[in-house]
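S.K.: Before we start, here is the structure in question, set down as structure tokens.
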Amino acid sequence: MNWLSRGAFRRRRRRASARPCEEFKTVAESVADCTLVVGTTAVGLRQLQHPVRHLEQAAPLIRKRFATSPVALLFGSEKRGLSNEDLSHCHWLLRIPTREEHRSMNLGQAVAVCLYELARDPRAVLKPDKHIAATGADLERLTALLLDALRSSGYLKSSPIGSQKRRTAAPAEEKIRRLVRRLHLSATDADLTLGILRQIFWKLGSAKTPPP
């Protein structure tokens with residue numbers, strides 16, 4: 001299982017096999033092999049675009065998926081939490097129930113409580129799903145290809161070559177990324193959808209045909 005914490009400039013991934021900590025530049029890279037990414041949130045006044053489950057409800061679902069494939073928990077910084085872009089990589093969110101006047105926990109406490117809840121009853125592991133879910137890498141490739149198609153069609157405006165990513169483009173990209181994850185695609189369906197989009201690009205003679 002992957003335990004991810006978002007620092008100021010780096011992403012970390014820790015594996016249950018006690019391998020050395022690996023560092024990644026982006027969330028997408030760090031969750032590439034995960035079929036389930038669960039973000040953590042204190043909620044507060046924030047308007048969230050994901051389903052939110054309490055930790056005790058989330059733990060059985062995480063254990064069930066972890067029986068067959070890597071799972072990631074994504075933790076934000078103590079001051080700001082996870083950004084909207086970070087959250088767009090998540091399938092859903094979990095919250096640790098706390099008192100209203102102390103909604104937010106520090107990072108160490110949050111990780112410890114989540115680990116305890118997941119490990120406290122090993123007999124509670126559910127029968128694994130036969131459904132083989134798409135990995136984060138599969139979903140990110142699909143997201144990128146879908147965004148290319150939307151830009152080519154004019155639905156989304158393309159940024160000028162060499163310019164920095166426009167802030168106005170970020171919410172649209174985050175919406176598409178969340179949409180792809182809400183589909184809960186299997187690995188087979190993700191591969192099929194990628195093939196369909198590539199065929200459309202090839203048939204239309206797109207100047208930029210994404211690589212296979």
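Naming works like this for the structure tokens: A, B, ... for the chains as they're shown, residue 1 at the start of each chain, ligands 1 onward in shown order.
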Can you pull out the residues contacting region 48-60 of chain A? Cut-off 12 Å, using only C-alpha atoms, and skip same-chain residues under 6 positions away; I want them as an MDAnalysis selection string.
M.R.: chainID A and resid 36:42 66:67 71 73 82:85 87:98 110:111 113:128 171 174:179 181:182
S.K.: Could you check how far CA of Asp189 (chain A) sits from CA of Asp138 (chain A), in Å to one decimal?
M.R.: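 The value is 10.2 Å.
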S.K.: Please return as a VMD selection string: the residues of region 14-144 of chain A that backbone DSSP assigns to strand (DSSP E or B).
M.R.: chain A and resid 14 22 to 24 36 to 40 52 to 54 71 to 75 77 81 92 to 95 133
S.K.: Store the residues picked out above, limited to N, CA and C atoms, as a PDB file, in the first residue's frame.
M.R.:
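Written out: result.pdb:
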```pdb
ATOM      1  N   ARG A  14       5.618   5.511   0.184  1.00  0.00           N
ATOM      2  CA  ARG A  14       6.179   4.493   1.065  1.00  0.00           C
ATOM      3  C   ARG A  14       5.442   3.189   0.838  1.00  0.00           C
ATOM      4  N   GLU A  22      10.566   6.664  -1.907  1.00  0.00           N
ATOM      5  CA  GLU A  22      10.796   7.156  -3.258  1.00  0.00           C
ATOM      6  C   GLU A  22      10.183   8.542  -3.379  1.00  0.00           C
ATOM      7  N   GLU A  23      10.858   9.440  -4.090  1.00  0.00           N
ATOM      8  CA  GLU A  23      10.354  10.788  -4.272  1.00  0.00           C
ATOM      9  C   GLU A  23       9.943  11.009  -5.721  1.00  0.00           C
ATOM     10  N   PHE A  24       8.836  11.736  -5.903  1.00  0.00           N
ATOM     11  CA  PHE A  24       8.308  12.016  -7.230  1.00  0.00           C
ATOM     12  C   PHE A  24       8.018  13.500  -7.357  1.00  0.00           C
ATOM     13  N   LEU A  36      -6.587   2.604  -6.744  1.00  0.00           N
ATOM     14  CA  LEU A  36      -7.472   3.399  -5.898  1.00  0.00           C
ATOM     15  C   LEU A  36      -6.636   4.460  -5.202  1.00  0.00           C
ATOM     16  N   VAL A  37      -7.050   5.720  -5.326  1.00  0.00           N
ATOM     17  CA  VAL A  37      -6.370   6.844  -4.666  1.00  0.00           C
ATOM     18  C   VAL A  37      -7.403   7.548  -3.796  1.00  0.00           C
ATOM     19  N   VAL A  38      -7.154   7.574  -2.503  1.00  0.00           N
ATOM     20  CA  VAL A  38      -8.084   8.173  -1.549  1.00  0.00           C
ATOM     21  C   VAL A  38      -7.418   9.385  -0.914  1.00  0.00           C
ATOM     22  N   GLY A  39      -8.034  10.536  -1.057  1.00  0.00           N
ATOM     23  CA  GLY A  39      -7.514  11.751  -0.444  1.00  0.00           C
ATOM     24  C   GLY A  39      -8.060  11.920   0.964  1.00  0.00           C
ATOM     25  N   THR A  40      -7.372  12.703   1.781  1.00  0.00           N
ATOM     26  CA  THR A  40      -7.822  12.977   3.139  1.00  0.00           C
ATOM     27  C   THR A  40      -8.201  14.450   3.238  1.00  0.00           C
ATOM     28  N   VAL A  52     -17.334  11.844   0.180  1.00  0.00           N
ATOM     29  CA  VAL A  52     -16.516  11.851   1.393  1.00  0.00           C
ATOM     30  C   VAL A  52     -17.030  10.777   2.338  1.00  0.00           C
ATOM     31  N   ARG A  53     -16.128   9.906   2.808  1.00  0.00           N
ATOM     32  CA  ARG A  53     -16.503   8.838   3.736  1.00  0.00           C
ATOM     33  C   ARG A  53     -15.726   9.018   5.041  1.00  0.00           C
ATOM     34  N   HIS A  54     -16.349   8.667   6.151  1.00  0.00           N
ATOM     35  CA  HIS A  54     -15.634   8.655   7.418  1.00  0.00           C
ATOM     36  C   HIS A  54     -14.643   7.495   7.404  1.00  0.00           C
ATOM     37  N   VAL A  71      -2.840   0.552  -3.393  1.00  0.00           N
ATOM     38  CA  VAL A  71      -3.766   1.616  -3.005  1.00  0.00           C
ATOM     39  C   VAL A  71      -2.953   2.760  -2.419  1.00  0.00           C
ATOM     40  N   ALA A  72      -3.418   3.981  -2.604  1.00  0.00           N
ATOM     41  CA  ALA A  72      -2.704   5.140  -2.068  1.00  0.00           C
ATOM     42  C   ALA A  72      -3.608   5.989  -1.198  1.00  0.00           C
ATOM     43  N   LEU A  73      -3.056   6.489  -0.093  1.00  0.00           N
ATOM     44  CA  LEU A  73      -3.706   7.508   0.713  1.00  0.00           C
ATOM     45  C   LEU A  73      -2.920   8.793   0.503  1.00  0.00           C
ATOM     46  N   LEU A  74      -3.613   9.857   0.170  1.00  0.00           N
ATOM     47  CA  LEU A  74      -2.964  11.123  -0.143  1.00  0.00           C
ATOM     48  C   LEU A  74      -3.219  12.113   0.985  1.00  0.00           C
ATOM     49  N   PHE A  75      -2.135  12.592   1.597  1.00  0.00           N
ATOM     50  CA  PHE A  75      -2.238  13.542   2.698  1.00  0.00           C
ATOM     51  C   PHE A  75      -1.723  14.917   2.244  1.00  0.00           C
ATOM     52  N   SER A  77      -0.664  19.131   3.166  1.00  0.00           N
ATOM     53  CA  SER A  77       0.114  19.856   4.169  1.00  0.00           C
ATOM     54  C   SER A  77      -0.809  20.252   5.320  1.00  0.00           C
ATOM     55  N   GLY A  81      -3.781  21.710   3.354  1.00  0.00           N
ATOM     56  CA  GLY A  81      -4.409  20.486   2.891  1.00  0.00           C
ATOM     57  C   GLY A  81      -4.043  20.204   1.441  1.00  0.00           C
ATOM     58  N   TRP A  92     -12.072   9.147  -4.329  1.00  0.00           N
ATOM     59  CA  TRP A  92     -12.960   9.678  -3.311  1.00  0.00           C
ATOM     60  C   TRP A  92     -12.115  10.116  -2.121  1.00  0.00           C
ATOM     61  N   LEU A  93     -12.759  10.674  -1.096  1.00  0.00           N
ATOM     62  CA  LEU A  93     -12.040  11.246   0.045  1.00  0.00           C
ATOM     63  C   LEU A  93     -12.487  10.594   1.347  1.00  0.00           C
ATOM     64  N   LEU A  94     -11.607  10.659   2.344  1.00  0.00           N
ATOM     65  CA  LEU A  94     -11.986  10.190   3.669  1.00  0.00           C
ATOM     66  C   LEU A  94     -11.724  11.301   4.679  1.00  0.00           C
ATOM     67  N   ARG A  95     -12.470  11.245   5.759  1.00  0.00           N
ATOM     68  CA  ARG A  95     -12.335  12.219   6.833  1.00  0.00           C
ATOM     69  C   ARG A  95     -12.271  11.499   8.163  1.00  0.00           C
ATOM     70  N   ALA A 133      -9.225  -3.106 -11.659  1.00  0.00           N
ATOM     71  CA  ALA A 133      -9.385  -1.683 -11.944  1.00  0.00           C
ATOM     72  C   ALA A 133      -8.194  -1.118 -12.707  1.00  0.00           C
TER      73      ALA A 133
END
```
S.K.: Can you list every residue in region 25-180 of chain A that DSSP puts in alpha helix (DSSP H), as number ranges by chain?
M.R.: A: 27-30, 55-66, 84-87, 107-119, 136-153, 169-180
S.K.: For the atom pair CA of Asp148 (chain A) and CA of His184 (chain A), what is the interatomic distance in Å to one decimal place?
M.R.: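 Result for CA of Asp148 (chain A) versus CA of His184 (chain A): 21.1 Å, one decimal.
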S.K.: Out of A:Leu61, A:Ala112, A:Cys21, A:Leu142, which residue has the shortest atom-to-atom distance to Val180 (chain A) when counting only C-alpha atoms?
M.R.: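 Counting only C-alpha atoms, the residue closest to Val180 (chain A) is A:Leu142.
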S.K.: My list of candidates is A:Arg63, A:Lys157, A:Ala134, A:Leu146. Which is closest to Ile196 (chain A) when distances are computed with only C-alpha atoms?
M.R.: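 Nearest candidate to Ile196 (chain A) out of A:Arg63, A:Lys157, A:Ala134, A:Leu146: A:Leu146.
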